[in-house]
file protein.txt (compact mmCIF, C-alpha atoms)
# COMPACT_ATOMS: atom_id res chain seq x y z
CA MET A 1 5.58 2.54 23.95
CA GLN A 2 2.14 1.25 23.05
CA LEU A 3 0.81 2.08 19.60
CA ASP A 4 -1.28 5.15 20.43
CA THR A 5 1.66 6.68 22.29
CA LYS A 6 4.07 5.69 19.55
CA LEU A 7 2.02 7.49 16.90
CA ILE A 8 2.52 10.74 18.83
CA HIS A 9 5.95 10.25 20.38
CA GLY A 10 7.62 7.67 18.12
CA GLY A 11 9.23 10.39 16.05
CA PRO A 12 10.18 13.96 16.88
CA LEU A 13 7.19 15.71 18.48
CA LEU A 14 8.89 18.99 19.34
CA ASP A 15 11.12 21.02 17.08
CA LYS A 16 14.61 20.77 18.56
CA TYR A 17 15.48 24.28 17.41
CA THR A 18 12.45 26.23 18.67
CA GLY A 19 10.46 23.92 20.94
CA SER A 20 7.46 24.15 18.60
CA SER A 21 4.76 21.57 19.40
CA SER A 22 4.71 20.62 15.70
CA VAL A 23 7.83 20.02 13.65
CA PRO A 24 7.84 23.08 11.35
CA ILE A 25 7.79 23.06 7.59
CA TYR A 26 11.38 23.87 6.72
CA GLN A 27 10.49 25.26 3.32
CA ALA A 28 14.06 25.75 2.19
CA SER A 29 15.96 24.41 -0.78
CA THR A 30 19.38 25.10 0.73
CA PHE A 31 21.03 25.84 4.09
CA HIS A 32 23.76 28.30 5.07
CA GLN A 33 27.09 26.60 5.74
CA SER A 34 28.96 28.66 8.31
CA GLN A 35 32.06 26.51 7.78
CA PHE A 36 31.99 25.97 4.03
CA ALA A 37 34.82 23.44 4.03
CA GLU A 38 33.29 21.30 6.76
CA SER A 39 30.28 18.99 6.59
CA GLN A 40 27.06 19.75 8.45
CA GLU A 41 23.75 17.94 8.95
CA PHE A 42 21.69 19.87 6.40
CA THR A 43 23.07 21.41 3.22
CA TYR A 44 20.49 20.95 0.47
CA THR A 45 16.92 19.66 0.71
CA ARG A 46 17.43 16.98 -1.92
CA PHE A 47 20.04 15.50 0.46
CA GLY A 48 18.12 16.07 3.67
CA ASN A 49 15.59 18.33 5.34
CA PRO A 50 14.55 18.58 9.03
CA THR A 51 10.85 18.08 8.24
CA ARG A 52 11.54 15.06 6.06
CA GLN A 53 13.94 13.67 8.63
CA ALA A 54 11.19 13.82 11.27
CA LEU A 55 8.85 11.82 9.04
CA GLU A 56 11.53 9.29 8.15
CA GLU A 57 12.38 8.74 11.81
CA THR A 58 8.69 8.34 12.61
CA ILE A 59 7.94 5.68 9.98
CA ALA A 60 11.08 3.76 10.92
CA CYS A 61 9.93 3.71 14.54
CA LEU A 62 6.39 2.61 13.63
CA GLU A 63 7.69 -0.23 11.44
CA PHE A 64 10.25 -1.44 14.02
CA ALA A 65 13.01 -0.55 11.55
CA LYS A 66 16.25 1.40 11.87
CA TYR A 67 16.05 3.51 8.72
CA GLY A 68 13.25 5.28 6.89
CA TYR A 69 13.02 7.28 3.65
CA ALA A 70 10.24 9.48 2.29
CA PHE A 71 9.51 9.70 -1.44
CA SER A 72 7.30 11.85 -3.66
CA SER A 73 4.81 9.00 -4.29
CA GLY A 74 4.24 5.33 -3.65
CA MET A 75 5.52 4.55 -7.15
CA ALA A 76 8.65 6.63 -6.52
CA ALA A 77 9.28 4.47 -3.46
CA ILE A 78 8.66 1.24 -5.39
CA SER A 79 10.91 2.42 -8.24
CA ALA A 80 13.73 3.37 -5.87
CA VAL A 81 13.72 -0.18 -4.53
CA LEU A 82 13.08 -2.27 -7.64
CA LEU A 83 15.38 -0.34 -9.99
CA ASN A 84 18.32 -1.18 -7.76
CA PHE A 85 18.35 -4.69 -9.15
CA SER A 86 21.01 -5.13 -11.80
CA HIS A 87 21.34 -6.48 -15.31
CA GLY A 88 21.08 -10.26 -15.15
CA ASP A 89 19.19 -10.35 -11.86
CA HIS A 90 15.90 -12.22 -11.54
CA VAL A 91 12.98 -11.10 -9.34
CA VAL A 92 9.94 -13.15 -8.33
CA LEU A 93 6.72 -11.24 -7.70
CA CYS A 94 3.17 -12.04 -6.66
CA LYS A 95 0.87 -12.06 -9.68
CA ASP A 96 -1.94 -10.07 -8.04
CA ILE A 97 -0.03 -6.82 -7.89
CA TYR A 98 -0.76 -3.11 -8.04
CA GLY A 99 -1.05 -1.96 -11.66
CA GLY A 100 1.70 0.66 -11.37
CA ALA A 101 4.16 -1.89 -10.01
CA TYR A 102 3.17 -4.31 -12.78
CA GLN A 103 3.84 -1.66 -15.41
CA LEU A 104 7.23 -0.79 -13.91
CA VAL A 105 8.30 -4.42 -13.91
CA THR A 106 7.00 -5.37 -17.35
CA GLU A 107 8.13 -2.21 -19.15
CA MET A 108 11.27 -1.08 -17.30
CA PHE A 109 12.87 -4.34 -16.19
CA PRO A 110 13.47 -5.52 -19.79
CA LYS A 111 15.24 -2.23 -20.58
CA TYR A 112 17.69 -2.90 -17.76
CA GLY A 113 18.08 -6.60 -18.48
CA ILE A 114 16.31 -7.63 -15.27
CA GLU A 115 14.34 -10.88 -15.47
CA TYR A 116 11.07 -11.42 -13.64
CA THR A 117 8.50 -14.11 -12.87
CA PHE A 118 4.98 -13.67 -11.52
CA VAL A 119 3.71 -16.47 -9.27
CA ASP A 120 0.51 -17.50 -7.52
CA GLU A 121 1.27 -15.80 -4.21
CA THR A 122 -1.21 -17.95 -2.30
CA ASP A 123 0.79 -21.13 -3.00
CA LEU A 124 4.13 -21.10 -1.18
CA SER A 125 5.51 -23.85 -3.40
CA THR A 126 5.31 -21.57 -6.47
CA TRP A 127 7.86 -19.21 -4.92
CA GLY A 128 10.33 -22.06 -4.49
CA LYS A 129 9.75 -23.39 -8.00
CA ALA A 130 10.41 -19.93 -9.47
CA ILE A 131 13.88 -19.60 -7.92
CA LYS A 132 16.77 -19.59 -10.38
CA GLU A 133 20.52 -19.21 -9.92
CA ASN A 134 20.21 -15.47 -10.54
CA THR A 135 17.13 -14.85 -8.35
CA LYS A 136 17.89 -11.83 -6.18
CA GLY A 137 14.52 -10.66 -4.91
CA PHE A 138 11.02 -11.64 -3.77
CA TYR A 139 8.32 -8.96 -4.01
CA ILE A 140 5.19 -9.41 -1.89
CA GLU A 141 1.95 -7.49 -1.66
CA THR A 142 -0.35 -8.85 1.03
CA PRO A 143 -3.26 -8.40 1.16
CA SER A 144 -3.01 -7.68 -2.53
CA ASN A 145 -4.66 -4.99 -4.60
CA PRO A 146 -7.47 -5.45 -5.56
CA LEU A 147 -8.43 -9.06 -4.77
CA LEU A 148 -6.97 -9.13 -1.25
CA THR A 149 -5.08 -12.35 -1.85
CA ILE A 150 -2.85 -13.46 0.99
CA THR A 151 0.83 -14.37 0.95
CA ASP A 152 2.48 -16.31 3.78
CA ILE A 153 5.12 -13.74 4.76
CA LYS A 154 7.05 -15.99 7.15
CA GLY A 155 7.03 -18.81 4.62
CA VAL A 156 8.39 -16.60 1.83
CA VAL A 157 10.99 -15.06 4.16
CA LYS A 158 12.19 -18.48 5.29
CA LEU A 159 12.56 -19.60 1.70
CA ALA A 160 14.36 -16.38 0.78
CA LYS A 161 16.87 -16.68 3.59
CA GLN A 162 17.71 -20.22 2.51
CA HIS A 163 18.69 -18.87 -0.91
CA ASN A 164 20.11 -15.46 0.08
CA ILE A 165 17.23 -13.62 -1.61
CA LEU A 166 16.12 -10.10 -0.70
CA THR A 167 12.50 -9.79 0.49
CA ILE A 168 10.40 -6.71 -0.26
CA ILE A 169 6.80 -6.09 0.74
CA ASP A 170 4.19 -3.47 -0.08
CA ASN A 171 2.45 -2.97 3.27
CA THR A 172 0.08 -0.19 2.16
CA PHE A 173 -3.22 -1.94 2.91
CA MET A 174 -2.31 -3.05 6.43
CA THR A 175 -0.09 -0.14 7.52
CA PRO A 176 2.27 -0.47 10.52
CA ILE A 177 -0.81 -0.60 12.76
CA TYR A 178 -1.97 -4.04 11.62
CA GLN A 179 1.09 -5.72 10.08
CA ASN A 180 4.81 -5.38 10.86
CA PRO A 181 6.83 -7.19 8.18
CA ILE A 182 10.24 -6.19 9.59
CA LYS A 183 9.41 -8.21 12.72
CA LEU A 184 8.57 -11.13 10.41
CA GLY A 185 12.00 -10.98 8.79
CA VAL A 186 11.29 -8.92 5.65
CA ASP A 187 14.23 -6.82 4.45
CA ILE A 188 12.42 -3.83 2.91
CA VAL A 189 8.92 -2.46 3.55
CA ILE A 190 7.22 -0.02 1.17
CA HIS A 191 4.14 2.14 1.74
CA SER A 192 2.07 4.39 -0.41
CA ALA A 193 1.67 6.99 2.34
CA THR A 194 -0.85 8.65 0.04
CA LYS A 195 -3.30 6.16 1.46
CA PHE A 196 -4.01 5.33 5.12
CA ILE A 197 -0.84 6.75 6.65
CA ASN A 198 -1.68 10.28 5.55
CA GLY A 199 -5.36 9.46 5.40
CA HIS A 200 -6.89 12.67 4.05
CA SER A 201 -6.60 12.40 0.25
CA ASP A 202 -4.46 15.53 0.04
CA VAL A 203 -0.94 14.16 -0.42
CA THR A 204 0.94 11.78 -2.70
CA ALA A 205 3.82 10.18 -0.81
CA GLY A 206 5.82 6.97 -0.51
CA LEU A 207 7.84 5.50 2.34
CA VAL A 208 10.56 2.85 2.52
CA VAL A 209 12.00 1.29 5.67
CA THR A 210 14.73 -1.24 6.39
CA SER A 211 16.95 -2.32 9.25
CA ASP A 212 19.86 -3.30 7.02
CA GLU A 213 22.56 -0.60 6.96
CA GLU A 214 23.86 -1.44 3.48
CA ILE A 215 20.36 -1.49 2.00
CA ALA A 216 19.67 1.82 3.75
CA LYS A 217 22.74 3.41 2.17
CA THR A 218 21.60 2.23 -1.26
CA ILE A 219 18.05 3.55 -0.79
CA TYR A 220 19.33 6.92 0.42
CA LYS A 221 21.75 7.21 -2.48
CA THR A 222 18.96 6.35 -4.92
CA GLN A 223 16.68 8.91 -3.30
CA LYS A 224 19.32 11.58 -3.86
CA MET A 225 20.15 10.52 -7.41
CA PHE A 226 16.52 10.19 -8.52
CA GLY A 227 15.59 13.42 -6.76
CA SER A 228 12.37 11.70 -5.76
CA MET A 229 12.28 12.84 -2.14
CA LEU A 230 9.08 14.12 -0.53
CA ASP A 231 8.87 17.92 -0.21
CA PRO A 232 8.78 19.52 3.28
CA TYR A 233 5.13 20.60 3.17
CA ASP A 234 3.87 17.14 2.24
CA CYS A 235 6.15 15.60 4.88
CA TRP A 236 4.46 17.84 7.43
CA LEU A 237 1.01 16.79 6.22
CA VAL A 238 1.90 13.10 6.50
CA LEU A 239 3.29 13.66 10.00
CA ARG A 240 0.01 15.31 10.94
CA GLY A 241 -1.97 12.40 9.47
CA ILE A 242 0.07 9.79 11.34
CA LYS A 243 -0.99 11.19 14.71
CA THR A 244 -4.61 10.17 14.13
CA MET A 245 -3.97 7.06 12.06
CA ASN A 246 -5.01 4.51 14.68
CA ILE A 247 -8.20 6.35 15.60
CA ARG A 248 -9.14 6.73 11.93
CA MET A 249 -8.36 3.16 11.01
CA GLU A 250 -10.24 1.63 13.91
CA LYS A 251 -13.41 3.18 12.51
CA GLU A 252 -12.54 2.36 8.90
CA VAL A 253 -11.82 -1.29 9.69
CA GLU A 254 -15.04 -1.56 11.71
CA ASN A 255 -16.94 -0.18 8.74
CA ALA A 256 -15.25 -2.51 6.25
CA ALA A 257 -15.91 -5.65 8.30
CA PHE A 258 -19.55 -4.65 8.72
CA ILE A 259 -20.08 -3.76 5.06
CA ALA A 260 -18.37 -6.95 3.83
CA LYS A 261 -20.67 -9.17 5.90
CA GLU A 262 -23.78 -7.27 4.85
CA LEU A 263 -22.89 -7.31 1.15
CA GLN A 264 -22.64 -11.09 1.35
CA LYS A 265 -26.38 -11.15 1.99
CA GLN A 266 -27.23 -9.21 -1.16
CA ARG A 267 -28.48 -11.32 -4.06
CA LYS A 268 -27.12 -8.84 -6.58
CA VAL A 269 -23.56 -9.16 -5.29
CA LYS A 270 -21.78 -12.00 -7.02
CA ALA A 271 -18.74 -12.20 -4.74
CA VAL A 272 -17.19 -10.40 -1.76
CA TYR A 273 -13.46 -10.37 -1.03
CA TYR A 274 -12.33 -9.42 2.47
CA PRO A 275 -9.77 -11.18 4.72
CA SER A 276 -12.06 -11.43 7.75
CA LEU A 277 -14.78 -13.34 5.92
CA VAL A 278 -15.07 -16.99 6.95
CA ASN A 279 -14.36 -18.44 3.51
CA HIS A 280 -11.71 -15.96 2.39
CA LYS A 281 -8.79 -17.95 0.99
CA GLY A 282 -5.77 -17.43 3.22
CA LYS A 283 -7.72 -16.06 6.17
CA ASP A 284 -5.83 -18.15 8.73
CA VAL A 285 -2.47 -17.20 7.23
CA HIS A 286 -3.47 -13.55 7.20
CA PHE A 287 -4.46 -13.46 10.85
CA ALA A 288 -1.24 -15.22 11.83
CA GLN A 289 0.67 -12.19 10.47
CA ALA A 290 -1.83 -9.32 10.73
CA SER A 291 -4.25 -8.11 13.37
CA SER A 292 -7.24 -7.03 11.27
CA GLY A 293 -8.87 -7.46 7.88
CA GLY A 294 -8.11 -3.87 6.97
CA ALA A 295 -10.34 -1.15 5.60
CA VAL A 296 -10.53 -2.28 1.96
CA LEU A 297 -12.94 -4.80 0.47
CA THR A 298 -13.81 -5.76 -3.07
CA PHE A 299 -17.08 -7.02 -4.49
CA ASP A 300 -18.27 -8.17 -7.89
CA LEU A 301 -21.54 -7.10 -9.53
CA GLY A 302 -21.09 -9.33 -12.54
CA SER A 303 -20.89 -6.80 -15.38
CA TYR A 304 -19.78 -3.36 -16.51
CA GLU A 305 -23.39 -2.25 -16.90
CA ASN A 306 -24.16 -3.14 -13.30
CA VAL A 307 -21.12 -1.21 -12.10
CA LYS A 308 -22.14 1.80 -14.19
CA THR A 309 -25.67 1.73 -12.77
CA PHE A 310 -24.35 1.30 -9.23
CA PHE A 311 -21.92 4.22 -9.52
CA GLU A 312 -24.64 6.46 -10.96
CA ASN A 313 -26.81 5.88 -7.90
CA VAL A 314 -24.37 5.85 -5.00
CA THR A 315 -24.19 9.03 -2.90
CA PHE A 316 -21.74 8.96 -0.01
CA PRO A 317 -18.59 7.26 -1.38
CA ILE A 318 -16.72 9.20 -4.01
CA VAL A 319 -15.75 7.32 -7.18
CA ALA A 320 -12.05 7.85 -7.65
CA VAL A 321 -8.57 6.43 -8.02
CA SER A 322 -6.84 5.85 -4.67
CA LEU A 323 -7.96 4.72 -1.22
CA GLY A 324 -7.31 5.27 2.46
CA GLY A 325 -9.03 8.63 2.96
CA VAL A 326 -11.43 9.60 5.73
CA GLU A 327 -14.11 9.58 3.03
CA SER A 328 -15.19 6.26 1.55
CA ILE A 329 -13.83 5.73 -1.95
CA LEU A 330 -15.18 3.43 -4.64
CA SER A 331 -12.80 2.44 -7.40
CA TYR A 332 -13.14 0.45 -10.62
CA PRO A 333 -9.89 -1.55 -10.95
CA PHE A 334 -10.64 -2.68 -14.50
CA THR A 335 -10.17 0.84 -15.89
CA MET A 336 -8.42 2.57 -12.99
CA SER A 337 -5.67 0.95 -10.91
CA HIS A 338 -5.17 -2.03 -13.24
CA ALA A 339 -5.86 -0.49 -16.63
CA VAL A 340 -2.16 -0.78 -17.58
CA ILE A 341 -2.36 -4.58 -17.37
CA PRO A 342 -3.41 -6.19 -20.67
CA GLU A 343 -7.11 -7.10 -20.64
CA LYS A 344 -6.62 -10.85 -20.92
CA GLU A 345 -4.21 -10.84 -17.98
CA ARG A 346 -6.57 -8.66 -15.96
CA LEU A 347 -9.36 -11.15 -16.50
CA ASP A 348 -7.07 -14.10 -15.72
CA LEU A 349 -6.20 -12.41 -12.41
CA GLY A 350 -9.89 -12.00 -11.58
CA VAL A 351 -9.96 -8.26 -12.22
CA THR A 352 -13.27 -8.47 -14.04
CA GLU A 353 -15.57 -5.84 -15.51
CA GLY A 354 -17.90 -6.29 -12.56
CA LEU A 355 -15.30 -5.77 -9.83
CA ILE A 356 -15.55 -2.80 -7.45
CA ARG A 357 -13.07 -1.86 -4.72
CA LEU A 358 -14.35 -0.03 -1.65
CA SER A 359 -12.06 1.78 0.76
CA CYS A 360 -14.17 2.52 3.81
CA GLY A 361 -13.94 5.93 5.43
CA ILE A 362 -15.10 7.09 8.84
CA GLU A 363 -18.76 7.71 8.01
CA ASP A 364 -21.46 6.03 10.06
CA LYS A 365 -21.51 2.40 8.93
CA HIS A 366 -25.31 2.23 8.70
CA ASP A 367 -25.50 5.37 6.55
CA LEU A 368 -22.82 3.91 4.30
CA LEU A 369 -24.53 0.52 4.04
CA ASN A 370 -27.94 2.04 3.33
CA ASP A 371 -26.43 4.13 0.55
CA LEU A 372 -24.83 1.06 -1.03
CA ILE A 373 -28.07 -0.94 -0.76
CA LYS A 374 -30.08 1.86 -2.39
CA ALA A 375 -27.59 1.90 -5.27
CA LEU A 376 -27.88 -1.88 -5.58
CA ASP A 377 -31.64 -1.53 -5.88
CA HIS A 378 -31.09 -0.06 -9.35
CA VAL A 379 -28.96 -3.03 -10.50
CA LYS A 380 -30.72 -5.70 -12.55
CA LEU A 381 -30.72 -9.04 -10.79
CA GLU A 382 -30.98 -11.07 -13.99
CA SER A 383 -27.62 -9.74 -15.20
CA CYS A 384 -25.86 -10.91 -12.05
CA GLN A 385 -24.55 -14.46 -11.85
CA LYS A 386 -25.36 -16.58 -8.85
CA LYS A 387 -23.63 -15.18 -5.81
CA ARG A 388 -20.63 -16.97 -4.39
CA VAL A 389 -18.78 -15.90 -1.27
CA ILE A 390 -14.99 -15.83 -1.37
call {"tool": "encode", "arguments": {"input": "protein.txt", "output": "structure tokens"}}
result
Amino acid sequence: MQLDTKLIHGGPLLDKYTGSSSVPIYQASTFHQSQFAESQEFTYTRFGNPTRQALEETIACLEFAKYGYAFSSGMAAISAVLLNFSHGDHVVLCKDIYGGAYQLVTEMFPKYGIEYTFVDETDLSTWGKAIKENTKGFYIETPSNPLLTITDIKGVVKLAKQHNILTIIDNTFMTPIYQNPIKLGVDIVIHSATKFINGHSDVTAGLVVTSDEEIAKTIYKTQKMFGSMLDPYDCWLVLRGIKTMNIRMEKEVENAAFIAKELQKQRKVKAVYYPSLVNHKGKDVHFAQASSGGAVLTFDLGSYENVKTFFENVTFPIVAVSLGGVESILSYPFTMSHAVIPEKERLDLGVTEGLIRLSCGIEDKHDLLNDLIKALDHVKLESCQKKRVI
């Protein structure tokens, strides 16, 4: 099946029990067992639910994987994967990482005796140099949040296989539409389905896929033990969102590419980060493993005061935590997504007080650009450093 067909027919379209054109919300905590001493497919929703099963089959199909699991949030999905490392294990992670994942690693890993090392993800040699005798996992996020840094997935996978290391990737920004890590050899793929997969800013959800049977058994067991599965209603909402994901994202990516290029021309914008831009570091690597620049871009206005002025004068995008909705969303990583990272480390990463992340929605691109330009008109040029394009 081609992508547009797969989004509709890749998972269960019809309810096998009633023929309903939409898999129903099986809003049940438990299921009658006609033969109490014999096993049956569904017994208790924490263990399995028909609506959740439909979503899990769908995401596995979209990611070219054999097994899929739905969690109550992106962080629940990340936790279910990362907290399966054991005392004495060592994990190597990209340094430009989502704030929630950073907090989990830096605060929870030490409690479990799990070692970790953050590396410059853009330099493949740093991954090799970080390997120790007890290294068990590589954790990738590409493009990263919020600076859209690029990791060579095939290069990291090749290195991992040479040393029998598990590879994990957060594929939230690209989605299965634009990047398929399983086909590139990655062992586990994670999504915050809260974002583009659902796409309507009305659900928190996480997804995990793998093609390895033993890994799948571990993830499923963890899902049951943690009780962090996604509830039937939210599974249904995500299934509904998936059907229009490609149509939505085509418009969102078009908007992002347009806005990124236009913001480069603005004297009050210090820097623009977007994988499709000519001088974006890692652009060639990115387009060898992904088919678009995505719908998220980041730009720097040089100072907190400029950001404050800009946010006070923007109209169409909402200012909020999260991304991936049909509405454009502006976010301030310094105090939102990356606030849990110590300030010095934030600044070292490039998460400055002037940095703004924009997740483009499906509005008209010219309306969106004009709104951003009008907001920039209120920003003081003298407080912006000389623009440089990334």
call {"tool": "residues_near_point", "arguments": {"input": "protein.txt", "point": "(-1.3, 5.0, 3.8)", "cutoff": "10 Å", "atoms": "only C-alpha atoms", "output": "ChimeraX atom specification"}}
result
/A:74,171-176,191-201,204-207,238,241-242,245,323-325
call {"tool": "residues_around", "arguments": {"input": "protein.txt", "residues": "region 350-354 of chain A", "least_positions_apart": "2", "cutoff": "6 Å", "atoms": "all atoms listed in the file", "output": "list in words"}}
result
Asp300, Leu301, Gly302, Ser303, Tyr304, Phe334, Arg346, Leu347 and Asp348 of chain A
call {"tool": "residues_near_point", "arguments": {"input": "protein.txt", "point": "(4.8, -2.4, -16.7)", "cutoff": "12 Å", "atoms": "all atoms listed in the file", "output": "PDB file with C-alpha atoms, keeping the file's coordinate frame"}}
result
ATOM      1  CA  MET A  75       5.520   4.550  -7.150  1.00  0.00           C
ATOM      2  CA  SER A  79      10.910   2.420  -8.240  1.00  0.00           C
ATOM      3  CA  ILE A  97      -0.030  -6.820  -7.890  1.00  0.00           C
ATOM      4  CA  TYR A  98      -0.760  -3.110  -8.040  1.00  0.00           C
ATOM      5  CA  GLY A  99      -1.050  -1.960 -11.660  1.00  0.00           C
ATOM      6  CA  GLY A 100       1.700   0.660 -11.370  1.00  0.00           C
ATOM      7  CA  ALA A 101       4.160  -1.890 -10.010  1.00  0.00           C
ATOM      8  CA  TYR A 102       3.170  -4.310 -12.780  1.00  0.00           C
ATOM      9  CA  GLN A 103       3.840  -1.660 -15.410  1.00  0.00           C
ATOM     10  CA  LEU A 104       7.230  -0.790 -13.910  1.00  0.00           C
ATOM     11  CA  VAL A 105       8.300  -4.420 -13.910  1.00  0.00           C
ATOM     12  CA  THR A 106       7.000  -5.370 -17.350  1.00  0.00           C
ATOM     13  CA  GLU A 107       8.130  -2.210 -19.150  1.00  0.00           C
ATOM     14  CA  MET A 108      11.270  -1.080 -17.300  1.00  0.00           C
ATOM     15  CA  PHE A 109      12.870  -4.340 -16.190  1.00  0.00           C
ATOM     16  CA  PRO A 110      13.470  -5.520 -19.790  1.00  0.00           C
ATOM     17  CA  LYS A 111      15.240  -2.230 -20.580  1.00  0.00           C
ATOM     18  CA  TYR A 116      11.070 -11.420 -13.640  1.00  0.00           C
ATOM     19  CA  HIS A 338      -5.170  -2.030 -13.240  1.00  0.00           C
ATOM     20  CA  ALA A 339      -5.860  -0.490 -16.630  1.00  0.00           C
ATOM     21  CA  VAL A 340      -2.160  -0.780 -17.580  1.00  0.00           C
ATOM     22  CA  ILE A 341      -2.360  -4.580 -17.370  1.00  0.00           C
ATOM     23  CA  PRO A 342      -3.410  -6.190 -20.670  1.00  0.00           C
TER      24      PRO A 342
END
call {"tool": "closest_residue", "arguments": {"input": "protein.txt", "among": "A:Thr210, A:Thr315, A:Asn279, A:Ser39", "to": "Tyr67 (chain A)", "atoms": "only C-alpha atoms"}}
result
A:Thr210
call {"tool": "closest_atom_pairs", "arguments": {"input": "protein.txt", "of": "region 66-88 of chain A", "to": "region 53-61 of chain A", "cutoff": "12 Å", "atoms": "all atoms listed in the file", "output": "CSV"}}
result
residue,atom,partner,partner_atom,distance
A:Lys66,CA,A:Ala60,CA,5.8
A:Tyr67,CA,A:Ala60,CA,5.4
A:Gly68,CA,A:Glu56,CA,4.5
A:Tyr69,CA,A:Glu56,CA,5.1
A:Ala70,CA,A:Glu56,CA,6.0
A:Phe71,CA,A:Glu56,CA,9.8
call {"tool": "closest_residue", "arguments": {"input": "protein.txt", "among": "A:Glu343, A:Asp187, A:Asp15, A:Glu133", "to": "Lys158 (chain A)", "atoms": "only C-alpha atoms"}}
result
A:Asp187
call {"tool": "atom_distance", "arguments": {"input": "protein.txt", "atom1": "CA of Ala290 (chain A)", "atom2": "CA of Phe118 (chain A)"}}
result
23.7 Å
call {"tool": "closest_residue", "arguments": {"input": "protein.txt", "among": "A:Lys221, A:Lys136, A:Arg248, A:Lys129", "to": "His163 (chain A)", "atoms": "all atoms listed in the file"}}
result
A:Lys136
call {"tool": "closest_residue", "arguments": {"input": "protein.txt", "among": "A:Asp96, A:Glu214, A:Glu141, A:Glu305", "to": "Lys380 (chain A)", "atoms": "all atoms listed in the file"}}
result
A:Glu305
call {"tool": "atom_distance", "arguments": {"input": "protein.txt", "atom1": "CA of Ile153 (chain A)", "atom2": "CA of Leu82 (chain A)"}}
result
18.7 Å
call {"tool": "closest_residue", "arguments": {"input": "protein.txt", "among": "A:Ile188, A:Ile177, A:Leu376, A:Ala28", "to": "Tyr233 (chain A)", "atoms": "all atoms listed in the file"}}
result
A:Ala28
call {"tool": "atom_distance", "arguments": {"input": "protein.txt", "atom1": "CA of Ser276 (chain A)", "atom2": "CA of Gly294 (chain A)"}}
result
8.6 Å
